[in-house]
file coords.txt (compact mmCIF, C-alpha atoms and all ligand atoms)
# COMPACT_ATOMS: atom_id res chain seq x y z
CA MET A 1 227.80 103.32 15.72
CA ASN A 2 227.77 102.07 12.08
CA THR A 3 230.77 104.25 11.33
CA ARG A 4 233.72 103.63 9.04
CA GLN A 5 236.83 105.75 9.22
CA VAL A 6 238.31 106.81 5.86
CA GLY A 7 241.51 108.56 6.86
CA ALA A 8 240.38 111.80 8.49
CA LEU A 9 236.76 111.31 7.42
CA ALA A 10 234.26 109.40 9.58
CA VAL A 11 231.31 107.98 7.64
CA THR A 12 228.24 106.92 9.62
CA ALA A 13 225.32 105.08 8.04
CA ILE A 14 221.96 106.45 9.13
CA SER A 15 218.78 104.56 8.28
CA ASP A 16 215.78 106.36 6.82
CA GLY A 17 213.75 103.16 7.10
CA VAL A 18 212.52 100.50 4.70
CA LEU A 19 210.86 101.06 1.34
CA TYR A 20 208.52 98.33 0.15
CA THR A 21 208.55 97.77 -3.58
CA ASN A 22 207.64 94.78 -5.75
CA HIS A 23 209.00 92.48 -8.44
CA ASP A 24 207.24 94.40 -11.20
CA VAL A 25 209.71 97.32 -10.92
CA ILE A 26 212.47 95.02 -12.24
CA LEU A 27 212.87 94.87 -16.02
CA GLY A 28 214.59 92.14 -18.00
CA VAL A 29 214.46 89.42 -15.35
CA GLY A 30 211.62 86.90 -15.24
CA ARG A 31 209.32 86.61 -12.24
CA GLU A 32 210.68 83.21 -11.29
CA GLU A 33 214.27 84.30 -11.45
CA SER A 34 213.73 87.48 -9.45
CA ALA A 35 211.80 85.48 -6.85
CA ARG A 36 214.64 82.96 -6.66
CA LEU A 37 217.37 85.61 -6.43
CA THR A 38 215.59 87.70 -3.80
CA GLY A 39 214.05 84.84 -1.85
CA VAL A 40 210.75 86.74 -1.94
CA ALA A 41 207.79 85.14 -3.73
CA TYR A 42 206.33 86.99 -6.71
CA GLY A 43 203.44 89.16 -5.52
CA GLN A 44 204.97 89.71 -2.10
CA PRO A 45 206.45 93.11 -1.15
CA LEU A 46 210.20 93.49 -1.67
CA PRO A 47 211.84 95.38 1.19
CA LEU A 48 214.59 97.84 0.32
CA ASP A 49 216.70 99.59 2.94
CA VAL A 50 217.06 103.36 2.51
CA ASN A 51 220.37 104.65 3.89
CA SER A 52 221.91 108.06 4.24
CA PHE A 53 225.55 108.63 5.15
CA LEU A 54 226.79 111.27 7.56
CA ILE A 55 230.36 112.41 6.97
CA ARG A 56 232.25 114.21 9.71
CA HIS A 57 235.19 116.07 8.29
CA GLY A 58 237.18 118.98 9.61
CA GLY A 59 234.44 120.07 11.99
CA LYS A 60 231.82 119.96 9.24
CA LEU A 61 228.75 117.72 9.12
CA ILE A 62 227.96 116.53 5.61
CA LEU A 63 224.99 114.32 4.76
CA SER A 64 224.74 112.21 1.60
CA ASP A 65 221.03 112.06 0.72
CA ALA A 66 218.17 113.47 2.70
CA GLY A 67 215.79 110.54 3.15
CA SER A 68 212.21 110.07 2.04
CA GLY A 69 210.22 112.33 4.31
CA HIS A 70 206.75 111.41 5.54
CA THR A 71 204.73 111.26 2.35
CA MET A 72 205.94 108.00 0.80
CA GLN A 73 205.44 105.10 3.23
CA PRO A 74 204.99 104.92 7.01
CA THR A 75 208.13 102.78 7.29
CA LEU A 76 210.22 105.66 5.86
CA GLY A 77 211.18 109.17 6.96
CA LYS A 78 213.17 108.04 10.00
CA LEU A 79 216.34 109.98 9.12
CA PRO A 80 215.80 113.03 11.40
CA GLN A 81 214.98 110.90 14.44
CA ASN A 82 217.90 108.57 13.74
CA LEU A 83 220.24 111.56 13.45
CA ARG A 84 218.97 112.89 16.79
CA ALA A 85 219.45 109.42 18.29
CA ILE A 86 223.20 109.74 17.68
CA GLY A 87 223.27 113.30 18.99
CA VAL A 88 223.13 115.15 15.68
CA ASP A 89 220.54 117.92 15.35
CA PRO A 90 219.42 118.23 11.69
CA ALA A 91 219.91 121.99 12.12
CA ALA A 92 223.63 121.34 12.64
CA ILE A 93 224.09 119.76 9.19
CA ASP A 94 226.30 122.05 7.07
CA ILE A 95 225.95 120.40 3.67
CA VAL A 96 223.50 117.93 2.10
CA MET A 97 224.98 116.23 -0.96
CA LEU A 98 222.32 114.61 -3.14
CA THR A 99 223.34 111.60 -5.24
CA HIS A 100 220.25 112.29 -7.34
CA LEU A 101 216.82 113.85 -7.21
CA HIS A 102 214.48 110.93 -6.58
CA SER A 103 211.86 110.89 -3.85
CA ASP A 104 213.54 108.38 -1.53
CA HIS A 105 216.67 110.56 -1.49
CA SER A 106 215.22 114.05 -1.36
CA LEU A 107 211.65 114.36 -0.09
CA GLY A 108 213.12 114.34 3.41
CA LEU A 109 214.53 117.81 2.72
CA VAL A 110 211.23 119.23 4.00
CA ASP A 111 208.82 118.48 6.84
CA GLU A 112 205.02 118.16 6.68
CA ALA A 113 204.72 121.96 6.62
CA GLY A 114 207.13 122.23 3.68
CA GLN A 115 209.82 123.80 5.86
CA ALA A 116 213.50 122.92 5.54
CA VAL A 117 214.48 119.98 7.77
CA PHE A 118 218.12 121.09 7.43
CA PRO A 119 217.66 124.86 7.86
CA ASN A 120 221.37 125.69 7.86
CA ALA A 121 222.53 123.34 5.12
CA GLU A 122 223.79 124.11 1.67
CA LEU A 123 222.55 121.65 -0.98
CA MET A 124 225.07 120.15 -3.34
CA ILE A 125 223.62 118.82 -6.61
CA HIS A 126 225.41 117.89 -9.83
CA GLU A 127 224.79 120.55 -12.46
CA VAL A 128 223.51 117.90 -14.89
CA GLU A 129 220.96 116.66 -12.33
CA ALA A 130 219.83 120.18 -11.46
CA ALA A 131 219.53 121.08 -15.14
CA PHE A 132 217.25 118.10 -15.81
CA TRP A 133 214.92 118.16 -12.79
CA LEU A 134 215.01 121.75 -11.55
CA ASP A 135 215.96 124.13 -14.36
CA ARG A 136 214.47 122.61 -17.52
CA ALA A 137 211.21 123.78 -19.05
CA LEU A 138 208.77 120.87 -18.70
CA GLN A 139 207.70 119.46 -22.04
CA PRO A 140 204.19 118.23 -22.94
CA ASP A 141 205.61 114.92 -24.16
CA ASP A 142 207.61 114.23 -20.99
CA HIS A 143 206.73 110.91 -19.38
CA GLU A 144 204.23 111.41 -16.58
CA ARG A 145 206.79 110.07 -14.06
CA ILE A 146 209.30 112.71 -15.18
CA THR A 147 206.79 115.55 -14.89
CA ARG A 148 205.58 114.43 -11.47
CA ASN A 149 209.10 114.00 -10.11
CA SER A 150 210.27 117.35 -11.52
CA LYS A 151 207.45 119.11 -9.70
CA ALA A 152 208.16 117.25 -6.46
CA GLN A 153 211.89 118.06 -6.64
CA ARG A 154 211.21 121.75 -7.32
CA ALA A 155 208.94 121.87 -4.27
CA VAL A 156 211.33 120.19 -1.82
CA THR A 157 214.36 122.21 -2.93
CA ALA A 158 212.45 125.53 -2.90
CA PRO A 159 213.26 126.37 0.76
CA TYR A 160 216.97 125.93 -0.14
CA ARG A 161 216.76 128.00 -3.33
CA ASP A 162 219.42 130.51 -2.31
CA ARG A 163 221.89 127.91 -1.13
CA ILE A 164 221.99 125.26 -3.86
CA ARG A 165 225.50 124.66 -5.15
CA ARG A 166 225.47 123.13 -8.63
CA ILE A 167 228.69 121.16 -8.84
CA SER A 168 230.58 119.43 -11.63
CA ASP A 169 232.95 116.47 -11.55
CA GLY A 170 236.07 116.69 -9.42
CA GLU A 171 236.83 117.65 -5.84
CA VAL A 172 233.84 119.40 -4.29
CA LEU A 173 235.07 119.36 -0.69
CA PRO A 174 238.47 118.43 0.73
CA GLY A 175 238.77 114.66 0.20
CA ILE A 176 235.41 114.32 -1.58
CA ALA A 177 235.17 114.09 -5.37
CA ALA A 178 231.98 114.05 -7.44
CA MET A 179 231.73 111.54 -10.29
CA LEU A 180 228.87 111.70 -12.76
CA ARG A 181 227.39 108.19 -13.10
CA PRO A 182 224.39 108.76 -15.34
CA GLY A 183 221.51 106.53 -16.37
CA HIS A 184 219.34 105.96 -13.33
CA THR A 185 218.92 109.72 -13.59
CA PRO A 186 220.76 112.03 -16.01
CA GLY A 187 222.94 113.53 -13.29
CA HIS A 188 223.19 110.58 -10.90
CA THR A 189 226.37 111.17 -8.91
CA ASN A 190 228.83 109.10 -6.90
CA TRP A 191 231.03 110.57 -4.18
CA LEU A 192 234.57 109.24 -3.88
CA LEU A 193 236.04 109.87 -0.45
CA GLN A 194 239.83 109.79 -0.21
CA SER A 195 241.88 110.53 2.87
CA GLY A 196 245.05 109.17 4.44
CA GLY A 197 245.50 106.59 1.69
CA GLU A 198 242.01 105.16 2.22
CA ARG A 199 239.02 105.37 -0.08
CA LEU A 200 235.28 104.79 0.04
CA LEU A 201 232.76 105.17 -2.78
CA ILE A 202 229.27 106.37 -1.93
CA TRP A 203 227.52 104.97 -4.97
CA GLY A 204 223.92 106.07 -4.52
CA ASP A 205 221.62 103.93 -6.65
CA ILE A 206 224.17 102.08 -8.78
CA VAL A 207 222.48 99.01 -7.28
CA HIS A 208 218.94 98.93 -5.90
CA LEU A 209 218.23 95.25 -5.44
CA ALA A 210 221.63 93.72 -4.78
CA PRO A 211 220.56 90.06 -5.00
CA VAL A 212 219.20 90.66 -8.51
CA GLN A 213 221.49 93.32 -9.96
CA LEU A 214 224.81 91.82 -8.84
CA ALA A 215 223.87 88.50 -10.40
CA ARG A 216 222.33 90.26 -13.39
CA PRO A 217 223.83 93.77 -13.75
CA GLU A 218 221.75 94.20 -16.91
CA ALA A 219 218.55 94.10 -14.83
CA ARG A 220 216.97 97.53 -14.97
CA LEU A 221 214.35 99.35 -12.97
CA ILE A 222 211.27 101.11 -14.24
CA TYR A 223 212.57 104.15 -12.35
CA ASP A 224 215.70 104.43 -14.50
CA VAL A 225 215.38 107.51 -16.71
CA ASP A 226 217.67 105.85 -19.29
CA THR A 227 217.59 102.11 -18.65
CA ASP A 228 220.36 101.19 -21.12
CA LEU A 229 222.73 103.82 -19.77
CA ALA A 230 221.90 102.84 -16.17
CA ALA A 231 222.82 99.22 -16.90
CA ALA A 232 226.06 100.19 -18.71
CA THR A 233 227.02 102.50 -15.84
CA ARG A 234 226.27 99.78 -13.27
CA GLN A 235 228.49 97.30 -15.14
CA LYS A 236 231.32 99.86 -15.36
CA VAL A 237 231.14 100.83 -11.68
CA LEU A 238 230.92 97.21 -10.52
CA GLU A 239 234.00 96.29 -12.60
CA TRP A 240 235.92 99.28 -11.27
CA ALA A 241 234.91 98.71 -7.64
CA ALA A 242 235.91 95.04 -7.88
CA ALA A 243 239.25 95.78 -9.58
CA GLU A 244 240.12 98.51 -7.06
CA ARG A 245 238.80 96.55 -4.07
CA LEU A 246 236.88 99.68 -3.10
CA VAL A 247 234.68 99.78 -0.06
CA VAL A 248 231.32 101.03 -1.25
CA ALA A 249 228.42 102.59 0.61
CA GLY A 250 225.03 102.04 -1.03
CA ALA A 251 221.79 103.89 -0.49
CA HIS A 252 219.91 100.60 -0.87
CA LEU A 253 222.42 98.01 0.28
CA GLU A 254 221.41 96.20 3.44
CA PHE A 255 221.93 98.55 6.40
CA PRO A 256 224.50 99.84 7.27
CA GLY A 257 225.17 99.62 3.56
CA PHE A 258 228.95 99.09 3.48
CA GLY A 259 230.33 96.38 1.20
CA ARG A 260 233.08 95.22 -1.09
CA VAL A 261 232.35 94.03 -4.61
CA GLU A 262 234.02 90.93 -6.04
CA ARG A 263 233.83 89.33 -9.44
CA ALA A 264 232.34 85.85 -9.70
CA GLY A 265 232.69 84.97 -13.38
CA GLU A 266 230.22 87.10 -15.33
CA ARG A 267 228.49 88.05 -12.13
CA PHE A 268 229.41 89.99 -9.05
CA ILE A 269 228.96 89.37 -5.38
CA ILE A 270 229.09 91.85 -2.56
CA LYS A 271 230.50 91.06 0.84
CA ALA A 272 229.22 93.14 3.70
CA GLU A 273 231.88 95.27 5.34
CA LEU A 274 231.52 95.85 9.02
CA ALA A 275 231.44 99.24 10.56
CA THR A 276 234.83 99.91 12.16
CA ALA A 277 233.63 102.12 14.97
ZN ZN B 301 216.85 105.26 -4.45

call {"tool": "encode", "arguments": {"input": "coords.txt", "output": "structure tokens"}}
result
Amino acid sequence: MNTRQVGALAVTAISDGVLYTNHDVILGVGREESARLTGVAYGQPLPLDVNSFLIRHGGKLILSDAGSGHTMQPTLGKLPQNLRAIGVDPAAIDIVMLTHLHSDHSLGLVDEAGQAVFPNAELMIHEVEAAFWLDRALQPDDHERITRNSKAQRAVTAPYRDRIRRISDGEVLPGIAAMLRPGHTPGHTNWLLQSGGERLLIWGDIVHLAPVQLARPEARLIYDVDTDLAAATRQKVLEWAAAERLVVAGAHLEFPGFGRVERAGERFIIKAELATA
């Protein structure tokens, strides 16, 4: 079932599908090196798993990230059907926590008609993330990518307008703490689950392309809003996760996305952790 138990919390990885990207989105690593690290020749599509995590806790159904919806790539947008496949109706989801407001994490909030896919869910978004993408007045000198994404995020969150909870750091639900981990986006958020002496870190997009960014944490992505801060945050989280021997759950780690980070000199490696149920 791709589930890990964290004390009283059960965390199930749910695939939204595979996003195909390319080597040109990686900054600061040469073509040859990124081809060698990924095992994918330059010019060929780079597949990236897109994972959501369903948390069952105290009778509540909580979803971390909402998937990509149907407008990005035909290999994406599988989250609703994969939820139904394990017996979970999207209408039964109580809370959707968003690690950040990027298309592959949020466009799945709505269907082709623009209606809420999770009609009974409250959205939980870090106040810093909401301030940047949803609440800010758009500026003429904003990068085109920022303007386009702001508009997309306003559209997909519109059906949830009256039930968006802007959260800050600290415990947001029993056993779930929000941690601002900025850079990839200004309000990029990690969720630290703690229950019964066990912990698991849902780290969103701290790492996109594990073979490249664990070997070279300074490798950035063109999608990082602040590339320097994203790299510094990645280094800090990798060091912490390795020191604490944390189990992590990554939105773009190979499905089901559970792993444990270890130091290997200046680099890091990640060992896949099996689902326990
Ligand atoms: Zn992502």

call {"tool": "closest_residue", "arguments": {"input": "coords.txt", "among": "A:Trp133, A:Phe258, A:Trp240, A:Trp203", "to": "ligand ZN 301 (chain B)", "atoms": "only C-alpha atoms and all ligand atoms"}}
result
A:Trp203

call {"tool": "closest_residue", "arguments": {"input": "coords.txt", "among": "A:Arg245, A:Arg199, A:Arg84, A:His102", "to": "ligand ZN 301 (chain B)", "atoms": "all atoms listed in the file"}}
result
A:His102

call {"tool": "residues_around", "arguments": {"input": "coords.txt", "residues": "segment 225-238 of chain A", "least_positions_apart": "2", "cutoff": "9 Å", "atoms": "all atoms listed in the file", "output": "tab-separated table (two decimals) with C-alpha atoms, in the frame of the given file"}}
result
chain	number	residue	atom	x	y	z
A	146	ILE	CA	209.30	112.71	-15.18
A	181	ARG	CA	227.39	108.19	-13.10
A	182	PRO	CA	224.39	108.76	-15.34
A	183	GLY	CA	221.51	106.53	-16.37
A	184	HIS	CA	219.34	105.96	-13.33
A	185	THR	CA	218.92	109.72	-13.59
A	186	PRO	CA	220.76	112.03	-16.01
A	203	TRP	CA	227.52	104.97	-4.97
A	206	ILE	CA	224.17	102.08	-8.78
A	207	VAL	CA	222.48	99.01	-7.28
A	213	GLN	CA	221.49	93.32	-9.96
A	214	LEU	CA	224.81	91.82	-8.84
A	217	PRO	CA	223.83	93.77	-13.75
A	218	GLU	CA	221.75	94.20	-16.91
A	219	ALA	CA	218.55	94.10	-14.83
A	220	ARG	CA	216.97	97.53	-14.97
A	221	LEU	CA	214.35	99.35	-12.97
A	222	ILE	CA	211.27	101.11	-14.24
A	223	TYR	CA	212.57	104.15	-12.35
A	240	TRP	CA	235.92	99.28	-11.27
A	241	ALA	CA	234.91	98.71	-7.64
A	242	ALA	CA	235.91	95.04	-7.88
A	243	ALA	CA	239.25	95.78	-9.58
A	261	VAL	CA	232.35	94.03	-4.61
A	262	GLU	CA	234.02	90.93	-6.04
A	263	ARG	CA	233.83	89.33	-9.44
A	268	PHE	CA	229.41	89.99	-9.05

call {"tool": "closest_residue", "arguments": {"input": "coords.txt", "among": "A:Val117, A:Ala131, A:Val212, A:Val18", "to": "ligand ZN 301 (chain B)", "atoms": "all atoms listed in the file"}}
result
A:Val18

call {"tool": "residues_near_ligand", "arguments": {"input": "coords.txt", "ligand": "ligand ZN 301 (chain B)", "cutoff": "8 Å", "atoms": "only C-alpha atoms and all ligand atoms", "output": "count of residues only"}}
result
10

call {"tool": "closest_residue", "arguments": {"input": "coords.txt", "among": "A:Ser150, A:Leu246, A:Pro74, A:Ala8", "to": "Asp135 of chain A", "atoms": "all atoms listed in the file"}}
result
A:Ser150

call {"tool": "residues_around", "arguments": {"input": "coords.txt", "residues": "Leu274 of chain A", "least_positions_apart": "4", "cutoff": "9 Å", "atoms": "all atoms listed in the file", "output": "JSON, numbers by chain"}}
result
{"A": [2, 3, 4, 256, 258, 259]}

call {"tool": "atom_distance", "arguments": {"input": "coords.txt", "atom1": "atom CA of Pro211 of chain A", "atom2": "atom CA of Glu32 of chain A"}}
result
13.6 Å

call {"tool": "atom_distance", "arguments": {"input": "coords.txt", "atom1": "atom CA of Arg165 of chain A", "atom2": "atom CA of Asp49 of chain A"}}
result
27.8 Å

call {"tool": "closest_residue", "arguments": {"input": "coords.txt", "among": "A:Leu54, A:Val29, A:Ala116, A:Ala177", "to": "Gln5 of chain A", "atoms": "only C-alpha atoms"}}
result
A:Leu54

call {"tool": "residues_near_point", "arguments": {"input": "coords.txt", "point": "(220.5, 106.4, 7.9)", "cutoff": "7 Å", "atoms": "only C-alpha atoms", "output": "list of chain:residue names"}}
result
A:Ala13, A:Ile14, A:Ser15, A:Asp16, A:Asn51, A:Ser52, A:Phe53, A:Leu79, A:Asn82

call {"tool": "closest_residue", "arguments": {"input": "coords.txt", "among": "A:Ser106, A:Asp111, A:Phe132, A:Glu171", "to": "Ala152 of chain A", "atoms": "all atoms listed in the file"}}
result
A:Ser106

call {"tool": "axis_aligned_box", "arguments": {"input": "coords.txt", "around": "segment 218-227 of chain A", "padding_each_side": "5 Å", "output": "lines of an AutoDock Vina configuration file"}}
result
center_x = 216.5
center_y = 100.8
center_z = -15.8
size_x = 20.5
size_y = 23.4
size_z = 16.9

call {"tool": "residues_near_point", "arguments": {"input": "coords.txt", "point": "(222.7, 118.9, -3.9)", "cutoff": "10 Å", "atoms": "all atoms listed in the file", "output": "PyMOL selection string"}}
result
chain A and resi 64-66+95-101+106+122-127+129-130+157+160+163-167+189

call {"tool": "atom_distance", "arguments": {"input": "coords.txt", "atom1": "atom CA of Gly30 of chain A", "atom2": "atom CA of Arg267 of chain A"}}
result
17.2 Å

call {"tool": "build_atoms", "arguments": {"input": "coords.txt", "residues": "segment 62-88 of chain A", "atoms": "N, CA and C atoms", "output": "PDB file, keeping the file's coordinate frame"}}
result
ATOM      1  N   ILE A  62     228.404 116.650   7.005  1.00  0.00           N
ATOM      2  CA  ILE A  62     227.960 116.530   5.610  1.00  0.00           C
ATOM      3  C   ILE A  62     227.070 115.297   5.512  1.00  0.00           C
ATOM      4  N   LEU A  63     225.920 115.437   4.869  1.00  0.00           N
ATOM      5  CA  LEU A  63     224.990 114.320   4.760  1.00  0.00           C
ATOM      6  C   LEU A  63     224.825 113.949   3.290  1.00  0.00           C
ATOM      7  N   SER A  64     225.012 112.658   2.967  1.00  0.00           N
ATOM      8  CA  SER A  64     224.740 112.210   1.600  1.00  0.00           C
ATOM      9  C   SER A  64     223.339 111.640   1.561  1.00  0.00           C
ATOM     10  N   ASP A  65     222.461 112.354   0.929  1.00  0.00           N
ATOM     11  CA  ASP A  65     221.030 112.060   0.720  1.00  0.00           C
ATOM     12  C   ASP A  65     220.206 112.369   1.970  1.00  0.00           C
ATOM     13  N   ALA A  66     218.987 112.816   1.680  1.00  0.00           N
ATOM     14  CA  ALA A  66     218.170 113.470   2.700  1.00  0.00           C
ATOM     15  C   ALA A  66     216.984 112.640   3.180  1.00  0.00           C
ATOM     16  N   GLY A  67     216.911 111.375   2.706  1.00  0.00           N
ATOM     17  CA  GLY A  67     215.790 110.540   3.150  1.00  0.00           C
ATOM     18  C   GLY A  67     214.506 110.859   2.405  1.00  0.00           C
ATOM     19  N   SER A  68     213.454 110.130   2.818  1.00  0.00           N
ATOM     20  CA  SER A  68     212.210 110.070   2.040  1.00  0.00           C
ATOM     21  C   SER A  68     211.107 110.982   2.547  1.00  0.00           C
ATOM     22  N   GLY A  69     211.295 111.524   3.746  1.00  0.00           N
ATOM     23  CA  GLY A  69     210.220 112.330   4.310  1.00  0.00           C
ATOM     24  C   GLY A  69     209.029 111.468   4.719  1.00  0.00           C
ATOM     25  N   HIS A  70     207.898 112.109   4.931  1.00  0.00           N
ATOM     26  CA  HIS A  70     206.750 111.410   5.540  1.00  0.00           C
ATOM     27  C   HIS A  70     205.640 111.098   4.556  1.00  0.00           C
ATOM     28  N   THR A  71     205.855 111.411   3.268  1.00  0.00           N
ATOM     29  CA  THR A  71     204.730 111.260   2.350  1.00  0.00           C
ATOM     30  C   THR A  71     204.763 109.958   1.557  1.00  0.00           C
ATOM     31  N   MET A  72     205.840 109.195   1.640  1.00  0.00           N
ATOM     32  CA  MET A  72     205.940 108.000   0.800  1.00  0.00           C
ATOM     33  C   MET A  72     205.330 106.769   1.443  1.00  0.00           C
ATOM     34  N   GLN A  73     205.913 106.312   2.539  1.00  0.00           N
ATOM     35  CA  GLN A  73     205.440 105.100   3.230  1.00  0.00           C
ATOM     36  C   GLN A  73     205.691 105.293   4.718  1.00  0.00           C
ATOM     37  N   PRO A  74     204.814 104.711   5.562  1.00  0.00           N
ATOM     38  CA  PRO A  74     204.990 104.920   7.010  1.00  0.00           C
ATOM     39  C   PRO A  74     206.265 104.316   7.578  1.00  0.00           C
ATOM     40  N   THR A  75     206.891 103.405   6.822  1.00  0.00           N
ATOM     41  CA  THR A  75     208.130 102.780   7.290  1.00  0.00           C
ATOM     42  C   THR A  75     209.354 103.632   6.942  1.00  0.00           C
ATOM     43  N   LEU A  76     209.124 104.787   6.294  1.00  0.00           N
ATOM     44  CA  LEU A  76     210.220 105.660   5.860  1.00  0.00           C
ATOM     45  C   LEU A  76     210.193 106.974   6.630  1.00  0.00           C
ATOM     46  N   GLY A  77     211.155 107.838   6.344  1.00  0.00           N
ATOM     47  CA  GLY A  77     211.180 109.170   6.960  1.00  0.00           C
ATOM     48  C   GLY A  77     211.780 109.177   8.354  1.00  0.00           C
ATOM     49  N   LYS A  78     212.600 108.163   8.649  1.00  0.00           N
ATOM     50  CA  LYS A  78     213.170 108.040  10.000  1.00  0.00           C
ATOM     51  C   LYS A  78     214.514 108.762  10.152  1.00  0.00           C
ATOM     52  N   LEU A  79     215.004 109.378   9.067  1.00  0.00           N
ATOM     53  CA  LEU A  79     216.340 109.980   9.120  1.00  0.00           C
ATOM     54  C   LEU A  79     216.498 111.031  10.225  1.00  0.00           C
ATOM     55  N   PRO A  80     215.580 112.015  10.343  1.00  0.00           N
ATOM     56  CA  PRO A  80     215.800 113.030  11.400  1.00  0.00           C
ATOM     57  C   PRO A  80     215.862 112.421  12.801  1.00  0.00           C
ATOM     58  N   GLN A  81     214.957 111.481  13.091  1.00  0.00           N
ATOM     59  CA  GLN A  81     214.980 110.900  14.440  1.00  0.00           C
ATOM     60  C   GLN A  81     216.230 110.044  14.659  1.00  0.00           C
ATOM     61  N   ASN A  82     216.691 109.390  13.587  1.00  0.00           N
ATOM     62  CA  ASN A  82     217.900 108.570  13.740  1.00  0.00           C
ATOM     63  C   ASN A  82     219.162 109.428  13.836  1.00  0.00           C
ATOM     64  N   LEU A  83     219.135 110.619  13.236  1.00  0.00           N
ATOM     65  CA  LEU A  83     220.240 111.560  13.450  1.00  0.00           C
ATOM     66  C   LEU A  83     220.247 112.027  14.909  1.00  0.00           C
ATOM     67  N   ARG A  84     219.053 112.415  15.397  1.00  0.00           N
ATOM     68  CA  ARG A  84     218.970 112.890  16.790  1.00  0.00           C
ATOM     69  C   ARG A  84     219.414 111.788  17.761  1.00  0.00           C
ATOM     70  N   ALA A  85     219.105 110.541  17.399  1.00  0.00           N
ATOM     71  CA  ALA A  85     219.450 109.420  18.290  1.00  0.00           C
ATOM     72  C   ALA A  85     220.956 109.281  18.478  1.00  0.00           C
ATOM     73  N   ILE A  86     221.740 109.775  17.502  1.00  0.00           N
ATOM     74  CA  ILE A  86     223.200 109.740  17.680  1.00  0.00           C
ATOM     75  C   ILE A  86     223.741 111.122  18.045  1.00  0.00           C
ATOM     76  N   GLY A  87     222.825 112.003  18.465  1.00  0.00           N
ATOM     77  CA  GLY A  87     223.270 113.300  18.990  1.00  0.00           C
ATOM     78  C   GLY A  87     223.498 114.359  17.940  1.00  0.00           C
ATOM     79  N   VAL A  88     222.948 114.158  16.738  1.00  0.00           N
ATOM     80  CA  VAL A  88     223.130 115.150  15.680  1.00  0.00           C
ATOM     81  C   VAL A  88     221.784 115.836  15.387  1.00  0.00           C
TER      82      VAL A  88
END
